[in-house]
Amino acid sequence: MVSEMGLMNFLGSSVHVITTDDNILQGLLYQDAEMKSLFKAFPEVLYVDITYRTNDRQMTLCLLLVEDGNGESEIVGVWLLCDDTIDSDVIKNALSTFCTDNPDCSRVRYVMVDKDLVERETFSAVFPDAAIYMCFFHVLRTFRREVTTDKMSITTSQRDGCLEMLQQMVHASSEDSYMQVYIDFMAVAPTSVAEYFNHNWHGVREQWVRGLVSQQASLGNATNNRLDSISQKLKAVITPNGTFASCVTSLRTAIESLRVERDHRAITMVQKRAVCSHPASDPCYEYAQLLTPYALELISKQMSKMQLMQSADIVDEADGTWSIRSTSGVVTATADVCQCVFFTNIGLPCQHILAVRKASGLSLFAEDLCAVRWTRYYYQSSQRVFLTTSSTATSTTVSDTTHCSTLTQGEKRRQALMVRSVVYITL
Ligand SMILES: [Zn+2]
């Protein structure tokens, strides 16, 4: 019974069981050695993704993810939470436990959460120095789930029209473009949808409208596709009405499958190192030798933007700084520093720095300005396929929250599961 749950087969894993004071199971938190290693290597942006009710016990799967040096999402924690006890105390306890296990939580700068999860204050309490945002993928998914013909008492065509405008608002590039769509939306949206939107979304648009948050809260721009891809792959292997044991087994299969695919991409990336479309005299050739393909793409786009600048856009202020006019406005930069969000958040030379370097006759290849997380060497050192596996003892902890609740039938079933779980992890 215990072995079929399967978690113990991972080496160096941490398994925590969260319970109430009266031993009612509230959740299982799981993190294996590879997840710990990946979080330590790439902790800057943490995605917290609730997937769906996963098994016959109506437990909710919650994934913690980060973005690695090649722009891929990596799972760094798996939580199975009891659906009807999911509240801020449970989430706070789970997050605190994660932070205890992972000292690099102090390096988290942005947390991207699902709006459905809990109030943002819960995350702010655990990550006081991080900015909390909603991921676009989560926002669009929530819209599709909440704005239905049944829930809103609207027709199919009304639903489709609303979802299209909501999607336009998610992708609005600025406050002005958001407001243009918002005004049109309020003019045509059925009352139920308009009230839902105003109550839940309009007042916090700085947390989810792409043009208002993307620059601040992302290391790149492919977040939606990557999260969607992982979610789809998990959906493909998990049976919604399966047992808890089959759910865990399916999760293991899915995670391992994702890792095998990533191993393959990592090997391909390293093998193709010598192949580069840029001539050796091009600074992009040098960047291609230094950086992952994903980071190279980011910097190539900055290079292209810089090439489009006119000489009048680049003004030497004669005090060591330059004023650079670009599509994102006028910013102050030097050959080594810029105030723009691309440089400060992503940690690669931006179009402004590149413009100053070009105007100053300096090399456009600036290795020192590239954050180590984007380098091929660092990426390679974080990937299991290039490492010799070392095993460490599995650590297990049973922790209790102070959250109390009345014993229901569902909780009695979970209590039985809880006993099984504790027996299993202490074997
Ligand atoms: Zn810049």
# chains A, B, ... in the order shown; residues from 1 in each chain; ligands from 1

$ residues_near_ligand --ligand "ligand 1" --cutoff "10 Å" --atoms "only C-alpha atoms and all ligand atoms" --output "PDB file with N, CA and C atoms, in the first residue's frame"
ATOM      1  N   GLN A 302      17.525  42.994 -28.523  1.00  0.00           N
ATOM      2  CA  GLN A 302      18.030  44.295 -28.057  1.00  0.00           C
ATOM      3  C   GLN A 302      19.002  44.888 -29.075  1.00  0.00           C
ATOM      4  N   ILE A 324      19.342  58.186 -23.925  1.00  0.00           N
ATOM      5  CA  ILE A 324      19.011  57.350 -25.080  1.00  0.00           C
ATOM      6  C   ILE A 324      17.500  57.363 -25.295  1.00  0.00           C
ATOM      7  N   SER A 326      14.389  55.677 -26.989  1.00  0.00           N
ATOM      8  CA  SER A 326      13.992  54.419 -27.625  1.00  0.00           C
ATOM      9  C   SER A 326      12.475  54.305 -27.562  1.00  0.00           C
ATOM     10  N   SER A 328      10.785  52.681 -25.621  1.00  0.00           N
ATOM     11  CA  SER A 328      10.318  52.666 -24.231  1.00  0.00           C
ATOM     12  C   SER A 328      10.534  54.013 -23.535  1.00  0.00           C
ATOM     13  N   VAL A 330      12.819  57.858 -22.960  1.00  0.00           N
ATOM     14  CA  VAL A 330      14.196  58.312 -22.814  1.00  0.00           C
ATOM     15  C   VAL A 330      14.752  57.781 -21.494  1.00  0.00           C
ATOM     16  N   VAL A 331      15.883  57.100 -21.567  1.00  0.00           N
ATOM     17  CA  VAL A 331      16.505  56.586 -20.351  1.00  0.00           C
ATOM     18  C   VAL A 331      17.961  57.034 -20.297  1.00  0.00           C
ATOM     19  N   THR A 332      18.486  57.041 -19.075  1.00  0.00           N
ATOM     20  CA  THR A 332      19.882  57.401 -18.867  1.00  0.00           C
ATOM     21  C   THR A 332      20.710  56.125 -18.753  1.00  0.00           C
ATOM     22  N   ALA A 333      21.814  56.088 -19.498  1.00  0.00           N
ATOM     23  CA  ALA A 333      22.647  54.882 -19.490  1.00  0.00           C
ATOM     24  C   ALA A 333      24.114  55.257 -19.596  1.00  0.00           C
ATOM     25  N   THR A 334      24.959  54.311 -19.209  1.00  0.00           N
ATOM     26  CA  THR A 334      26.392  54.420 -19.475  1.00  0.00           C
ATOM     27  C   THR A 334      26.775  53.163 -20.258  1.00  0.00           C
ATOM     28  N   ASP A 336      28.104  50.693 -19.050  1.00  0.00           N
ATOM     29  CA  ASP A 336      28.025  49.523 -18.166  1.00  0.00           C
ATOM     30  C   ASP A 336      26.729  49.418 -17.367  1.00  0.00           C
ATOM     31  N   VAL A 337      25.943  50.487 -17.309  1.00  0.00           N
ATOM     32  CA  VAL A 337      24.759  50.491 -16.450  1.00  0.00           C
ATOM     33  C   VAL A 337      23.602  51.174 -17.171  1.00  0.00           C
ATOM     34  N   CYS A 338      22.399  50.670 -16.938  1.00  0.00           N
ATOM     35  CA  CYS A 338      21.203  51.339 -17.457  1.00  0.00           C
ATOM     36  C   CYS A 338      20.091  51.221 -16.427  1.00  0.00           C
ATOM     37  N   GLN A 339      19.180  52.186 -16.479  1.00  0.00           N
ATOM     38  CA  GLN A 339      18.077  52.184 -15.518  1.00  0.00           C
ATOM     39  C   GLN A 339      16.869  51.404 -16.031  1.00  0.00           C
ATOM     40  N   CYS A 340      16.941  50.913 -17.264  1.00  0.00           N
ATOM     41  CA  CYS A 340      15.749  50.274 -17.836  1.00  0.00           C
ATOM     42  C   CYS A 340      15.483  48.915 -17.189  1.00  0.00           C
ATOM     43  N   VAL A 341      14.226  48.449 -17.321  1.00  0.00           N
ATOM     44  CA  VAL A 341      13.836  47.213 -16.653  1.00  0.00           C
ATOM     45  C   VAL A 341      14.462  45.984 -17.303  1.00  0.00           C
ATOM     46  N   PHE A 342      14.762  46.050 -18.587  1.00  0.00           N
ATOM     47  CA  PHE A 342      15.393  44.896 -19.231  1.00  0.00           C
ATOM     48  C   PHE A 342      16.743  44.608 -18.570  1.00  0.00           C
ATOM     49  N   PHE A 343      17.553  45.650 -18.425  1.00  0.00           N
ATOM     50  CA  PHE A 343      18.883  45.454 -17.854  1.00  0.00           C
ATOM     51  C   PHE A 343      18.793  45.112 -16.365  1.00  0.00           C
ATOM     52  N   THR A 344      17.975  45.854 -15.622  1.00  0.00           N
ATOM     53  CA  THR A 344      17.945  45.653 -14.177  1.00  0.00           C
ATOM     54  C   THR A 344      17.276  44.323 -13.796  1.00  0.00           C
ATOM     55  N   LEU A 348      21.030  41.340 -18.736  1.00  0.00           N
ATOM     56  CA  LEU A 348      21.774  41.243 -19.993  1.00  0.00           C
ATOM     57  C   LEU A 348      21.922  42.654 -20.562  1.00  0.00           C
ATOM     58  N   PRO A 349      22.949  42.896 -21.380  1.00  0.00           N
ATOM     59  CA  PRO A 349      23.096  44.233 -21.973  1.00  0.00           C
ATOM     60  C   PRO A 349      21.831  44.625 -22.753  1.00  0.00           C
ATOM     61  N   CYS A 350      21.331  45.822 -22.495  1.00  0.00           N
ATOM     62  CA  CYS A 350      20.104  46.286 -23.147  1.00  0.00           C
ATOM     63  C   CYS A 350      20.448  47.134 -24.367  1.00  0.00           C
ATOM     64  N   GLN A 351      19.420  47.514 -25.105  1.00  0.00           N
ATOM     65  CA  GLN A 351      19.611  48.337 -26.301  1.00  0.00           C
ATOM     66  C   GLN A 351      20.315  49.665 -25.970  1.00  0.00           C
ATOM     67  N   HIS A 352      20.056  50.213 -24.785  1.00  0.00           N
ATOM     68  CA  HIS A 352      20.641  51.509 -24.413  1.00  0.00           C
ATOM     69  C   HIS A 352      22.146  51.388 -24.153  1.00  0.00           C
ATOM     70  N   ILE A 353      22.516  50.378 -23.397  1.00  0.00           N
ATOM     71  CA  ILE A 353      23.942  50.140 -23.141  1.00  0.00           C
ATOM     72  C   ILE A 353      24.668  49.839 -24.459  1.00  0.00           C
ATOM     73  N   LEU A 354      24.044  49.034 -25.286  1.00  0.00           N
ATOM     74  CA  LEU A 354      24.655  48.700 -26.581  1.00  0.00           C
ATOM     75  C   LEU A 354      24.836  49.956 -27.425  1.00  0.00           C
ATOM     76  N   ALA A 355      23.841  50.878 -27.355  1.00  0.00           N
ATOM     77  CA  ALA A 355      23.943  52.129 -28.120  1.00  0.00           C
ATOM     78  C   ALA A 355      25.102  52.990 -27.618  1.00  0.00           C
ATOM     79  N   VAL A 356      25.252  53.073 -26.315  1.00  0.00           N
ATOM     80  CA  VAL A 356      26.355  53.858 -25.740  1.00  0.00           C
ATOM     81  C   VAL A 356      27.695  53.243 -26.137  1.00  0.00           C
TER      82      VAL A 356
END

$ residues_around --residues "stretch 22-36 of chain A" --least-positions-apart "6" --cutoff "6 Å" --atoms "only C-alpha atoms" --output "ChimeraX atom specification"
/A:12-16,76-82,414-415,418

$ residues_around --residues "A:Gln383" --least-positions-apart "5" --cutoff "9 Å" --atoms "only C-alpha atoms" --output "list in words"
Glu34, Leu38, Arg262, Asp263, Ala266 and Tyr378 of chain A

$ closest_residue --among "A:Ile132, A:Ile346, A:Met303, A:Met59" --to "A:Val204" --atoms "only C-alpha atoms"
A:Ile132

$ select_by_dssp --residues "stretch 320-400 of chain A" --states "strand (DSSP E or B)" --output "list in words"
Trp322, Ser323, Ile324, Arg325, Ser326, Gly329, Val330, Val331, Thr332, Ala333, Cys338, Thr375, Ser395, Thr396, Thr397, Val398, Ser399 and Asp400 of chain A

$ write_last_selection --atoms "N, CA and C atoms" --output "mmCIF file, in the first residue's frame"
data_model
loop_
_atom_site.group_PDB
_atom_site.id
_atom_site.type_symbol
_atom_site.label_atom_id
_atom_site.label_comp_id
_atom_site.auth_asym_id
_atom_site.auth_seq_id
_atom_site.Cartn_x
_atom_site.Cartn_y
_atom_site.Cartn_z
ATOM 1 N N TRP A 322 24.696 59.046 -20.764
ATOM 2 C CA TRP A 322 24.102 59.300 -22.069
ATOM 3 C C TRP A 322 22.579 59.258 -21.933
ATOM 4 N N SER A 323 21.893 60.061 -22.714
ATOM 5 C CA SER A 323 20.434 59.994 -22.788
ATOM 6 C C SER A 323 20.078 59.262 -24.079
ATOM 7 N N ILE A 324 19.342 58.186 -23.925
ATOM 8 C CA ILE A 324 19.011 57.350 -25.080
ATOM 9 C C ILE A 324 17.500 57.363 -25.295
ATOM 10 N N ARG A 325 17.092 57.757 -26.493
ATOM 11 C CA ARG A 325 15.669 57.724 -26.817
ATOM 12 C C ARG A 325 15.354 56.421 -27.542
ATOM 13 N N SER A 326 14.389 55.677 -26.989
ATOM 14 C CA SER A 326 13.992 54.419 -27.625
ATOM 15 C C SER A 326 12.475 54.305 -27.562
ATOM 16 N N GLY A 329 10.864 55.056 -24.305
ATOM 17 C CA GLY A 329 11.066 56.382 -23.725
ATOM 18 C C GLY A 329 12.536 56.741 -23.640
ATOM 19 N N VAL A 330 12.819 57.858 -22.960
ATOM 20 C CA VAL A 330 14.196 58.312 -22.814
ATOM 21 C C VAL A 330 14.752 57.781 -21.494
ATOM 22 N N VAL A 331 15.883 57.100 -21.567
ATOM 23 C CA VAL A 331 16.505 56.586 -20.351
ATOM 24 C C VAL A 331 17.961 57.034 -20.297
ATOM 25 N N THR A 332 18.486 57.041 -19.075
ATOM 26 C CA THR A 332 19.882 57.401 -18.867
ATOM 27 C C THR A 332 20.710 56.125 -18.753
ATOM 28 N N ALA A 333 21.814 56.088 -19.498
ATOM 29 C CA ALA A 333 22.647 54.882 -19.490
ATOM 30 C C ALA A 333 24.114 55.257 -19.596
ATOM 31 N N CYS A 338 22.399 50.670 -16.938
ATOM 32 C CA CYS A 338 21.203 51.339 -17.457
ATOM 33 C C CYS A 338 20.091 51.221 -16.427
ATOM 34 N N THR A 375 24.389 31.976 -18.686
ATOM 35 C CA THR A 375 25.532 31.429 -19.415
ATOM 36 C C THR A 375 25.365 29.928 -19.655
ATOM 37 N N SER A 395 14.968 13.299 3.785
ATOM 38 C CA SER A 395 14.538 13.928 5.021
ATOM 39 C C SER A 395 13.027 14.013 5.022
ATOM 40 N N THR A 396 12.434 13.734 6.125
ATOM 41 C CA THR A 396 10.984 13.824 6.217
ATOM 42 C C THR A 396 10.605 14.610 7.453
ATOM 43 N N THR A 397 9.559 15.347 7.333
ATOM 44 C CA THR A 397 9.103 16.151 8.446
ATOM 45 C C THR A 397 7.592 16.099 8.513
ATOM 46 N N VAL A 398 7.070 15.987 9.689
ATOM 47 C CA VAL A 398 5.628 16.113 9.873
ATOM 48 C C VAL A 398 5.387 17.429 10.586
ATOM 49 N N SER A 399 4.644 18.313 9.953
ATOM 50 C CA SER A 399 4.397 19.606 10.566
ATOM 51 C C SER A 399 2.904 19.832 10.731
ATOM 52 N N ASP A 400 2.547 20.577 11.746
ATOM 53 C CA ASP A 400 1.128 20.857 12.006
ATOM 54 C C ASP A 400 0.861 22.348 11.860
#

$ residues_around --residues "A:Arg109" --least-positions-apart "6" --cutoff "7 Å" --atoms "only C-alpha atoms" --output "MDAnalysis selection string"
chainID A and resid 44:45 129:131

$ residues_around --residues "A:Leu65" --least-positions-apart "4" --cutoff "8 Å" --atoms "only C-alpha atoms" --output "number ranges by chain"
A: 46-49, 73-77

$ residues_around --residues "A:Ser106" --least-positions-apart "5" --cutoff "12 Å" --atoms "only C-alpha atoms" --output "PyMOL selection string"
chain A and resi 39-40+43-46+96+98-101+111+126-130

$ residues_around --residues "A:Arg159" --least-positions-apart "2" --cutoff "9 Å" --atoms "only C-alpha atoms" --output "count of residues only"
14

$ select_by_dssp --residues "stretch 264-381 of chain A" --states "alpha helix (DSSP H)" --output "MDAnalysis selection string"
chainID A and resid 264:271 283:290 293:307 341 351:359 376:381

$ write_last_selection --atoms "N, CA and C atoms" --output "CSV table (one decimal), in the first residue's frame"
chain,number,residue,atom,x,y,z
A,264,HIS,N,17.1,15.9,-23.2
A,264,HIS,CA,17.4,15.8,-24.6
A,264,HIS,C,17.7,17.2,-25.2
A,265,ARG,N,16.8,18.2,-24.8
A,265,ARG,CA,17.1,19.6,-25.3
A,265,ARG,C,18.4,20.1,-24.8
A,266,ALA,N,18.8,19.8,-23.6
A,266,ALA,CA,20.0,20.3,-23.0
A,266,ALA,C,21.2,19.7,-23.8
A,267,ILE,N,21.1,18.4,-24.1
A,267,ILE,CA,22.2,17.8,-24.8
A,267,ILE,C,22.3,18.4,-26.2
A,268,THR,N,21.2,18.5,-26.9
A,268,THR,CA,21.2,19.1,-28.2
A,268,THR,C,21.8,20.5,-28.2
A,269,MET,N,21.4,21.3,-27.2
A,269,MET,CA,22.0,22.6,-27.1
A,269,MET,C,23.5,22.7,-27.0
A,270,VAL,N,24.0,21.8,-26.2
A,270,VAL,CA,25.5,21.7,-26.0
A,270,VAL,C,26.1,21.2,-27.3
A,271,GLN,N,25.5,20.2,-27.9
A,271,GLN,CA,26.2,19.7,-29.2
A,271,GLN,C,26.2,20.7,-30.3
A,283,PRO,N,29.4,40.6,-32.8
A,283,PRO,CA,29.3,40.3,-31.3
A,283,PRO,C,28.3,39.3,-31.0
A,284,CYS,N,27.3,39.0,-31.8
A,284,CYS,CA,26.3,38.0,-31.5
A,284,CYS,C,27.0,36.6,-31.5
A,285,TYR,N,28.1,36.5,-32.3
A,285,TYR,CA,28.8,35.2,-32.4
A,285,TYR,C,29.4,35.0,-31.0
A,286,GLU,N,30.0,36.0,-30.4
A,286,GLU,CA,30.6,35.8,-29.1
A,286,GLU,C,29.6,35.6,-28.0
A,287,TYR,N,28.4,36.3,-28.1
A,287,TYR,CA,27.3,36.0,-27.2
A,287,TYR,C,26.8,34.6,-27.4
A,288,ALA,N,26.8,34.1,-28.6
A,288,ALA,CA,26.3,32.7,-28.8
A,288,ALA,C,27.2,31.7,-28.2
A,289,GLN,N,28.5,32.0,-28.1
A,289,GLN,CA,29.5,31.1,-27.4
A,289,GLN,C,29.3,31.1,-25.9
A,290,LEU,N,28.9,32.3,-25.4
A,290,LEU,CA,28.7,32.5,-23.9
A,290,LEU,C,27.4,32.1,-23.4
A,293,PRO,N,20.8,29.6,-25.9
A,293,PRO,CA,20.1,30.1,-27.1
A,293,PRO,C,18.9,31.1,-26.7
A,294,TYR,N,18.3,30.8,-25.6
A,294,TYR,CA,17.2,31.7,-25.1
A,294,TYR,C,17.7,33.1,-24.8
A,295,ALA,N,18.8,33.1,-24.0
A,295,ALA,CA,19.4,34.4,-23.7
A,295,ALA,C,19.9,35.1,-24.9
A,296,LEU,N,20.5,34.3,-25.8
A,296,LEU,CA,21.0,34.9,-27.1
A,296,LEU,C,19.9,35.6,-27.9
A,297,GLU,N,18.7,35.0,-27.9
A,297,GLU,CA,17.6,35.5,-28.6
A,297,GLU,C,17.1,36.9,-27.9
A,298,LEU,N,17.2,36.9,-26.6
A,298,LEU,CA,16.8,38.1,-25.9
A,298,LEU,C,17.8,39.2,-26.2
A,299,ILE,N,19.0,38.9,-26.3
A,299,ILE,CA,20.0,40.0,-26.5
A,299,ILE,C,20.0,40.4,-28.0
A,300,SER,N,19.7,39.4,-28.9
A,300,SER,CA,19.7,39.7,-30.3
A,300,SER,C,18.6,40.7,-30.6
A,301,LYS,N,17.4,40.6,-29.9
A,301,LYS,CA,16.3,41.5,-30.1
A,301,LYS,C,16.8,42.9,-29.6
A,302,GLN,N,17.5,43.0,-28.5
A,302,GLN,CA,18.0,44.3,-28.1
A,302,GLN,C,19.0,44.9,-29.1
A,303,MET,N,19.8,44.0,-29.7
A,303,MET,CA,20.7,44.5,-30.7
A,303,MET,C,20.0,45.1,-31.9
A,304,SER,N,18.9,44.4,-32.3
A,304,SER,CA,18.1,44.9,-33.4
A,304,SER,C,17.5,46.2,-33.1
A,305,LYS,N,17.0,46.4,-31.9
A,305,LYS,CA,16.4,47.7,-31.5
A,305,LYS,C,17.4,48.8,-31.5
A,306,MET,N,18.6,48.4,-31.1
A,306,MET,CA,19.7,49.4,-31.0
A,306,MET,C,20.1,49.9,-32.5
A,307,GLN,N,20.1,48.9,-33.4
A,307,GLN,CA,20.4,49.2,-34.8
A,307,GLN,C,19.4,50.2,-35.4
A,341,VAL,N,14.2,48.4,-17.3
A,341,VAL,CA,13.8,47.2,-16.7
A,341,VAL,C,14.5,46.0,-17.3
A,351,GLN,N,19.4,47.5,-25.1
A,351,GLN,CA,19.6,48.3,-26.3
A,351,GLN,C,20.3,49.7,-26.0
A,352,HIS,N,20.1,50.2,-24.8
A,352,HIS,CA,20.6,51.5,-24.4
A,352,HIS,C,22.1,51.4,-24.2
A,353,ILE,N,22.5,50.4,-23.4
A,353,ILE,CA,23.9,50.1,-23.1
A,353,ILE,C,24.7,49.8,-24.5
A,354,LEU,N,24.0,49.0,-25.3
A,354,LEU,CA,24.7,48.7,-26.6
A,354,LEU,C,24.8,50.0,-27.4
A,355,ALA,N,23.8,50.9,-27.4
A,355,ALA,CA,23.9,52.1,-28.1
A,355,ALA,C,25.1,53.0,-27.6
A,356,VAL,N,25.3,53.1,-26.3
A,356,VAL,CA,26.4,53.9,-25.7
A,356,VAL,C,27.7,53.2,-26.1
A,357,ARG,N,27.8,51.9,-26.1
A,357,ARG,CA,29.0,51.3,-26.4
A,357,ARG,C,29.4,51.5,-27.9
A,358,LYS,N,28.4,51.4,-28.7
A,358,LYS,CA,28.6,51.6,-30.1
A,358,LYS,C,29.1,53.1,-30.4
A,359,ALA,N,28.4,54.0,-29.7
A,359,ALA,CA,28.8,55.4,-29.9
A,359,ALA,C,30.1,55.7,-29.4
A,376,ARG,N,26.0,29.5,-20.7
A,376,ARG,CA,25.9,28.1,-21.1
A,376,ARG,C,26.6,27.2,-19.9
A,377,TYR,N,27.7,27.7,-19.4
A,377,TYR,CA,28.4,27.0,-18.4
A,377,TYR,C,27.5,26.8,-17.2
A,378,TYR,N,26.8,27.8,-16.7
A,378,TYR,CA,26.0,27.8,-15.5
A,378,TYR,C,24.8,26.8,-15.8
A,379,TYR,N,24.2,27.0,-17.0
A,379,TYR,CA,23.1,26.1,-17.4
A,379,TYR,C,23.5,24.7,-17.3
A,380,GLN,N,24.6,24.4,-17.9
A,380,GLN,CA,25.1,23.0,-18.0
A,380,GLN,C,25.4,22.5,-16.6
A,381,SER,N,25.9,23.3,-15.7
A,381,SER,CA,26.2,22.9,-14.3
A,381,SER,C,24.9,22.6,-13.5
